[in-house]
$ cat model_16.tsv   # TSV, C-alpha atoms
chain	number	residue	atom	x	y	z
A	147	MET	CA	54.18	41.94	-7.79
A	148	SER	CA	54.55	42.29	-4.05
A	149	ALA	CA	56.32	39.82	-1.81
A	150	SER	CA	53.10	38.87	0.01
A	151	MET	CA	51.40	37.95	-3.27
A	152	PHE	CA	54.43	35.97	-4.34
A	153	LEU	CA	54.53	34.11	-1.01
A	154	ALA	CA	50.79	33.47	-1.13
A	155	GLY	CA	51.13	32.09	-4.67
A	156	LEU	CA	54.15	30.01	-3.66
A	157	ASN	CA	52.26	28.67	-0.63
A	158	GLY	CA	49.30	27.76	-2.83
A	159	ALA	CA	51.54	26.10	-5.42
A	160	LEU	CA	53.41	24.08	-2.78
A	161	GLY	CA	50.12	23.09	-1.18
A	162	LEU	CA	48.74	22.00	-4.53
A	163	TYR	CA	51.92	20.04	-5.33
A	164	SER	CA	51.86	18.40	-1.90
A	165	SER	CA	48.18	17.49	-2.25
A	166	VAL	CA	48.61	16.05	-5.75
A	167	LYS	CA	51.72	14.10	-4.74
A	168	GLY	CA	49.90	12.81	-1.66
A	169	ILE	CA	46.96	11.72	-3.80
A	170	PHE	CA	49.21	9.82	-6.25
A	171	ASP	CA	51.30	8.26	-3.47
A	172	SER	CA	48.16	7.26	-1.61
A	173	ALA	CA	46.67	5.72	-4.75
A	174	LYS	CA	49.90	3.81	-5.41
A	175	GLU	CA	49.99	2.43	-1.86
A	176	SER	CA	46.27	1.68	-1.98
A	177	SER	CA	46.68	-0.44	-5.12
A	178	ARG	CA	49.68	-2.17	-3.57
A	179	GLN	CA	47.65	-2.98	-0.45
A	180	LYS	CA	44.78	-4.30	-2.58
A	181	ARG	CA	47.20	-6.55	-4.45
A	182	LEU	CA	48.63	-7.84	-1.17
A	183	ARG	CA	45.14	-8.48	0.21
A	184	ARG	CA	44.19	-10.41	-2.95
A	185	LEU	CA	47.40	-12.44	-2.57
A	186	ALA	CA	46.65	-13.14	1.11
A	187	LYS	CA	43.10	-14.25	0.26
A	188	ALA	CA	44.36	-16.52	-2.53
A	189	GLU	CA	46.96	-18.02	-0.20
A	190	GLU	CA	44.31	-18.62	2.47
A	191	ASP	CA	41.96	-20.23	-0.04
A	192	GLY	CA	44.77	-22.47	-1.31
A	193	TRP	CA	45.65	-23.54	2.24
A	194	TYR	CA	41.99	-24.28	2.94
A	195	LYS	CA	41.51	-26.36	-0.20
A	196	ARG	CA	44.69	-28.35	0.42
A	197	ASN	CA	43.81	-29.11	4.03
A	198	TYR	CA	40.03	-29.45	3.84
A	199	TYR	CA	39.74	-31.47	0.65
A	200	GLY	CA	42.95	-33.47	1.09
A	201	ASN	CA	42.77	-37.23	1.57
A	202	TYR	CA	43.24	-37.71	5.29
A	203	LEU	CA	43.74	-41.47	4.87
A	204	ASP	CA	46.68	-40.76	2.57
A	205	ASN	CA	48.79	-38.80	5.06
A	206	SER	CA	51.85	-40.39	6.65
A	207	ALA	CA	50.30	-40.89	10.12
A	208	SER	CA	47.27	-42.71	8.69
A	209	ARG	CA	49.39	-44.84	6.36
A	210	ALA	CA	51.65	-45.77	9.29
A	211	ALA	CA	48.67	-46.77	11.45
A	212	ILE	CA	47.22	-48.89	8.63
A	213	LYS	CA	50.61	-50.52	8.05
A	214	ARG	CA	50.98	-51.32	11.78
A	215	VAL	CA	47.56	-52.99	11.88
A	216	GLU	CA	48.27	-54.93	8.68
A	217	ASN	CA	51.61	-56.16	10.06
A	218	SER	CA	50.01	-57.07	13.38
A	219	LEU	CA	47.21	-59.00	11.66
A	220	ARG	CA	49.71	-60.78	9.41
A	221	ARG	CA	51.79	-61.86	12.42
A	222	GLN	CA	48.68	-63.03	14.28
A	223	SER	CA	47.55	-64.98	11.22
A	224	GLU	CA	50.96	-66.65	10.88
A	225	GLN	CA	50.96	-67.56	14.57
A	226	SER	CA	47.39	-68.81	14.32
A	227	ARG	CA	48.24	-71.05	11.36
A	228	ALA	CA	51.30	-72.37	13.16
A	229	PHE	CA	49.24	-73.06	16.29
A	230	SER	CA	46.56	-74.78	14.17
A	231	ALA	CA	49.16	-76.94	12.43
A	232	ILE	CA	50.62	-78.11	15.74
A	233	HIS	CA	47.51	-78.39	17.92
A	234	GLY	CA	44.72	-78.57	15.39
A	235	THR	CA	41.76	-76.24	15.64
A	236	THR	CA	38.22	-76.22	14.43
A	237	PRO	CA	37.11	-74.16	11.44
A	238	GLU	CA	34.90	-72.13	13.78
A	239	ASN	CA	37.98	-71.09	15.76
A	240	VAL	CA	39.71	-69.92	12.55
A	241	LEU	CA	36.59	-67.99	11.52
A	242	ALA	CA	36.41	-66.32	14.96
A	243	ARG	CA	40.04	-65.18	14.69
A	244	ASN	CA	39.44	-63.85	11.18
A	245	GLU	CA	36.37	-61.97	12.39
A	246	GLN	CA	38.42	-60.45	15.19
A	247	GLY	CA	40.98	-59.24	12.64
A	248	LEU	CA	38.23	-57.71	10.51
A	249	ARG	CA	36.84	-55.89	13.57
A	250	THR	CA	40.32	-54.52	14.24
A	251	VAL	CA	40.55	-53.18	10.68
A	252	GLU	CA	37.02	-51.79	10.93
A	253	ASN	CA	37.86	-50.01	14.19
A	254	LEU	CA	41.03	-48.56	12.66
A	255	TYR	CA	39.19	-47.11	9.66
A	256	THR	CA	36.37	-45.82	11.87
A	257	ASN	CA	38.91	-44.02	14.09
A	258	LEU	CA	40.73	-42.61	11.05
A	259	ALA	CA	37.44	-41.38	9.55
A	260	SER	CA	36.55	-39.75	12.87
A	261	ARG	CA	39.95	-38.04	12.96
A	262	ALA	CA	39.44	-36.89	9.37
A	263	ASP	CA	36.13	-35.29	10.33
A	264	ASP	CA	37.74	-33.58	13.34
A	265	HIS	CA	40.56	-32.38	11.10
A	266	LYS	CA	38.08	-30.93	8.60
A	267	MET	CA	36.18	-29.13	11.37
A	268	ARG	CA	39.43	-27.61	12.72
A	269	VAL	CA	40.54	-26.53	9.23
A	270	ASP	CA	37.12	-25.01	8.58
A	271	ALA	CA	37.19	-23.09	11.89
A	272	ILE	CA	40.71	-21.78	11.21
A	273	HIS	CA	39.67	-20.79	7.69
A	274	ARG	CA	36.65	-18.87	9.00
A	275	GLN	CA	38.86	-17.05	11.54
A	276	ASN	CA	41.40	-16.17	8.86
A	277	ARG	CA	38.71	-14.92	6.46
A	278	GLN	CA	37.17	-12.82	9.27
A	279	ALA	CA	40.60	-11.30	9.98
A	280	LEU	CA	41.07	-10.51	6.29
A	281	LEU	CA	37.60	-8.97	6.13
A	282	ALA	CA	38.30	-6.86	9.22
A	283	ASN	CA	41.59	-5.76	7.64
A	284	ASP	CA	39.76	-4.78	4.42
A	285	MET	CA	37.19	-2.83	6.42
A	286	SER	CA	39.89	-1.01	8.36
A	287	ALA	CA	41.80	-0.19	5.17
A	288	SER	CA	38.60	1.11	3.56
A	289	GLN	CA	37.85	3.33	6.56
A	290	ASN	CA	41.42	4.66	6.62
A	291	SER	CA	41.25	5.37	2.89
A	292	GLU	CA	37.99	7.25	3.37
A	293	LYS	CA	39.52	9.32	6.18
A	294	ARG	CA	42.63	10.08	4.10
A	295	ALA	CA	40.51	11.17	1.13
A	296	ALA	CA	38.43	13.46	3.33
A	297	GLY	CA	41.60	14.86	4.91
A	298	LEU	CA	43.21	15.50	1.53
A	299	ALA	CA	40.11	17.31	0.31
A	300	SER	CA	39.99	19.41	3.48
A	301	ASN	CA	43.70	20.23	3.30
A	302	GLY	CA	43.39	21.20	-0.36
A	303	LEU	CA	40.48	23.51	0.38
A	304	ASN	CA	42.31	25.05	3.34
A	305	LEU	CA	45.37	25.74	1.20
A	306	LEU	CA	43.26	27.26	-1.54
A	307	GLN	CA	41.44	29.41	1.01
A	308	ASN	CA	44.73	30.55	2.56
A	309	ALA	CA	46.13	31.40	-0.86
A	310	LEU	CA	43.03	33.39	-1.73
A	311	LEU	CA	43.11	35.20	1.62
A	312	GLY	CA	46.77	36.07	1.12
A	313	VAL	CA	46.00	38.07	-1.97
A	314	GLU	CA	44.99	41.62	-1.27
A	315	TRP	CA	42.04	41.86	-3.64
A	316	GLY	CA	41.63	45.41	-4.88
A	317	LYS	CA	44.39	46.69	-2.61
A	318	GLU	CA	47.29	45.71	-4.79
A	319	LYS	CA	50.02	48.22	-5.20
A	320	HIS	CA	51.22	48.52	-8.72
A	321	ASP	CA	54.82	49.28	-9.30
A	322	GLU	CA	55.14	51.94	-11.92
A	323	ASN	CA	58.37	51.70	-13.78
$ encode --input "model_16.tsv" --output "structure tokens"
Amino acid sequence: MSASMFLAGLNGALGLYSSVKGIFDSAKESSRQKRLRRLAKAEEDGWYKRNYYGNYLDNSASRAAIKRVENSLRRQSEQSRAFSAIHGTTPENVLARNEQGLRTVENLYTNLASRADDHKMRVDAIHRQNRQALLANDMSASQNSEKRAAGLASNGLNLLQNALLGVEWGKEKHDEN
């Protein structure tokens, strides 16, 4: 066997090994990336569900606002009763003050509901942006994978062609021992 045939065979074998190793490494990384993308999508969906479907009236800012209004109405009611006990007031005056307190509570809950709707719209917009980014990332990864596969196939064919061209078909010199 001549040195050129040996080198051509060695080149072909190394090319084949490199291609096969590249294919397995690429497949391993591809599955890892898919797992990470699934994890990112699940995390995004969890964030969305927590923030979109959460009870906005149960967060600390809303509870604090409700508590402030309740305390304020309680103080006003105590002052109103004390004023009525000292000065005497008509039942219509007491009803008017109670109605004013109810309007205050109504305004508070209307404002909190409006904020909840704004919050949901912001969460929904952020979620759509995040899902679009994940989709764009998936598309880019798919295109890169397609390019890598085409490149590996081309490299494998080039190595096979080079190995075949390196063999001197019909012109081999046989060593006679």
$ residues_around --input "model_16.tsv" --residues "range 283-297 of chain A" --least-positions-apart "2" --cutoff "10 Å" --atoms "all atoms listed in the file" --output "number ranges by chain"
A: 168-169, 172-173, 176, 179-180, 183, 277-281, 299-303
$ closest_residue --input "model_16.tsv" --among "A:Ser206, A:Phe152, A:Gly247, A:Asn253" --to "Arg221 in chain A" --atoms "all atoms listed in the file"
A:Gly247
$ closest_residue --input "model_16.tsv" --among "A:Ala159, A:Leu153, A:Leu248, A:Leu203" --to "Ala262 in chain A" --atoms "only C-alpha atoms"
A:Leu203
$ atom_distance --input "model_16.tsv" --atom1 "CA of Val269 in chain A" --atom2 "CA of Asn205 in chain A"
15.4 Å
$ atom_distance --input "model_16.tsv" --atom1 "CA of Arg209 in chain A" --atom2 "CA of Leu258 in chain A"
10.1 Å
$ residues_around --input "model_16.tsv" --residues "Tyr202 in chain A" --least-positions-apart "6" --cutoff "12 Å" --atoms "only C-alpha atoms" --output "JSON, numbers by chain"
{"A": [196, 208, 209, 255, 257, 258, 259, 260, 261, 262, 263, 264, 265, 266]}
$ closest_residue --input "model_16.tsv" --among "A:Lys187, A:Lys195, A:Lys174, A:Arg181" --to "Asp270 in chain A" --atoms "only C-alpha atoms"
A:Lys195
$ atom_distance --input "model_16.tsv" --atom1 "CA of Val166 in chain A" --atom2 "CA of Leu298 in chain A"
9.1 Å
$ residues_around --input "model_16.tsv" --residues "Gly161 in chain A" --least-positions-apart "4" --cutoff "8 Å" --atoms "all atoms listed in the file" --output "VMD selection string"
chain A and resid 157 165 302 305
$ closest_residue --input "model_16.tsv" --among "A:His273, A:Asn304, A:Asn201, A:Gln222" --to "Glu189 in chain A" --atoms "only C-alpha atoms"
A:His273
$ decode --input "model_16.tsv" --residues "range 180-267 of chain A" --atoms "C-alpha atoms" --output "mmCIF file, in the first residue's frame"
data_model
loop_
_atom_site.group_PDB
_atom_site.id
_atom_site.type_symbol
_atom_site.label_atom_id
_atom_site.label_comp_id
_atom_site.auth_asym_id
_atom_site.auth_seq_id
_atom_site.Cartn_x
_atom_site.Cartn_y
_atom_site.Cartn_z
ATOM 1 C CA LYS A 180 -34.939 22.477 22.971
ATOM 2 C CA ARG A 181 -35.135 21.597 26.665
ATOM 3 C CA LEU A 182 -34.044 25.117 27.625
ATOM 4 C CA ARG A 183 -36.607 26.651 25.257
ATOM 5 C CA ARG A 184 -39.368 24.471 26.754
ATOM 6 C CA LEU A 185 -38.244 25.575 30.224
ATOM 7 C CA ALA A 186 -38.259 29.249 29.173
ATOM 8 C CA LYS A 187 -41.753 28.898 27.692
ATOM 9 C CA ALA A 188 -43.039 27.184 30.840
ATOM 10 C CA GLU A 189 -41.494 29.898 33.005
ATOM 11 C CA GLU A 190 -43.079 32.607 30.844
ATOM 12 C CA ASP A 191 -46.473 30.904 30.979
ATOM 13 C CA GLY A 192 -46.214 30.577 34.764
ATOM 14 C CA TRP A 193 -45.321 34.266 35.123
ATOM 15 C CA TYR A 194 -48.248 35.205 32.890
ATOM 16 C CA LYS A 195 -50.760 33.097 34.804
ATOM 17 C CA ARG A 196 -49.572 34.418 38.169
ATOM 18 C CA ASN A 197 -49.734 38.049 37.085
ATOM 19 C CA TYR A 198 -52.723 38.018 34.746
ATOM 20 C CA TYR A 199 -55.078 35.836 36.770
ATOM 21 C CA GLY A 200 -53.925 36.993 40.205
ATOM 22 C CA ASN A 201 -56.323 38.868 42.464
ATOM 23 C CA TYR A 202 -55.299 42.495 42.096
ATOM 24 C CA LEU A 203 -57.453 43.534 45.073
ATOM 25 C CA ASP A 204 -55.489 41.129 47.258
ATOM 26 C CA ASN A 205 -52.054 42.673 46.726
ATOM 27 C CA SER A 206 -50.435 44.737 49.470
ATOM 28 C CA ALA A 207 -50.949 48.137 47.787
ATOM 29 C CA SER A 208 -54.680 47.524 47.300
ATOM 30 C CA ARG A 209 -55.128 46.173 50.825
ATOM 31 C CA ALA A 210 -53.315 49.226 52.213
ATOM 32 C CA ALA A 211 -55.534 51.616 50.230
ATOM 33 C CA ILE A 212 -58.679 49.826 51.415
ATOM 34 C CA LYS A 213 -57.427 49.894 55.005
ATOM 35 C CA ARG A 214 -56.678 53.644 54.776
ATOM 36 C CA VAL A 215 -60.188 54.389 53.497
ATOM 37 C CA GLU A 216 -61.763 52.161 56.161
ATOM 38 C CA ASN A 217 -59.779 53.894 58.920
ATOM 39 C CA SER A 218 -60.627 57.314 57.513
ATOM 40 C CA LEU A 219 -64.343 56.475 57.339
ATOM 41 C CA ARG A 220 -64.270 55.064 60.866
ATOM 42 C CA ARG A 221 -62.657 58.255 62.215
ATOM 43 C CA GLN A 222 -65.156 60.430 60.335
ATOM 44 C CA SER A 223 -68.032 58.342 61.689
ATOM 45 C CA GLU A 224 -66.726 58.650 65.261
ATOM 46 C CA GLN A 225 -66.322 62.414 64.859
ATOM 47 C CA SER A 226 -69.764 62.673 63.294
ATOM 48 C CA ARG A 227 -71.378 60.786 66.183
ATOM 49 C CA ALA A 228 -69.528 62.942 68.698
ATOM 50 C CA PHE A 229 -70.623 66.101 66.882
ATOM 51 C CA SER A 230 -74.218 64.808 66.749
ATOM 52 C CA ALA A 231 -74.187 64.020 70.470
ATOM 53 C CA ILE A 232 -72.996 67.518 71.354
ATOM 54 C CA HIS A 233 -74.843 69.649 68.802
ATOM 55 C CA GLY A 234 -77.651 67.391 67.676
ATOM 56 C CA THR A 235 -78.227 66.742 64.004
ATOM 57 C CA THR A 236 -81.091 65.633 61.868
ATOM 58 C CA PRO A 237 -81.370 62.085 60.542
ATOM 59 C CA GLU A 238 -81.048 63.485 57.019
ATOM 60 C CA ASN A 239 -77.630 64.907 57.912
ATOM 61 C CA VAL A 240 -76.492 61.495 59.203
ATOM 62 C CA LEU A 241 -77.780 59.811 56.029
ATOM 63 C CA ALA A 242 -75.933 62.358 53.854
ATOM 64 C CA ARG A 243 -72.652 61.664 55.678
ATOM 65 C CA ASN A 244 -73.167 57.909 55.329
ATOM 66 C CA GLU A 245 -73.868 58.331 51.620
ATOM 67 C CA GLN A 246 -70.663 60.330 51.261
ATOM 68 C CA GLY A 247 -68.731 57.499 52.916
ATOM 69 C CA LEU A 248 -70.304 54.955 50.577
ATOM 70 C CA ARG A 249 -69.330 57.103 47.558
ATOM 71 C CA THR A 250 -65.764 57.183 48.874
ATOM 72 C CA VAL A 251 -65.684 53.381 49.101
ATOM 73 C CA GLU A 252 -67.284 53.096 45.660
ATOM 74 C CA ASN A 253 -64.664 55.430 44.164
ATOM 75 C CA LEU A 254 -61.864 53.443 45.806
ATOM 76 C CA TYR A 255 -63.062 50.126 44.385
ATOM 77 C CA THR A 256 -63.687 51.692 40.966
ATOM 78 C CA ASN A 257 -60.110 53.043 40.916
ATOM 79 C CA LEU A 258 -58.705 49.692 42.064
ATOM 80 C CA ALA A 259 -60.699 47.856 39.370
ATOM 81 C CA SER A 260 -59.407 50.297 36.762
ATOM 82 C CA ARG A 261 -55.847 49.721 37.947
ATOM 83 C CA ALA A 262 -56.432 45.964 37.811
ATOM 84 C CA ASP A 263 -57.541 46.261 34.185
ATOM 85 C CA ASP A 264 -54.484 48.387 33.336
ATOM 86 C CA HIS A 265 -52.279 45.845 35.095
ATOM 87 C CA LYS A 266 -53.806 42.990 33.088
ATOM 88 C CA MET A 267 -53.292 44.868 29.817
#
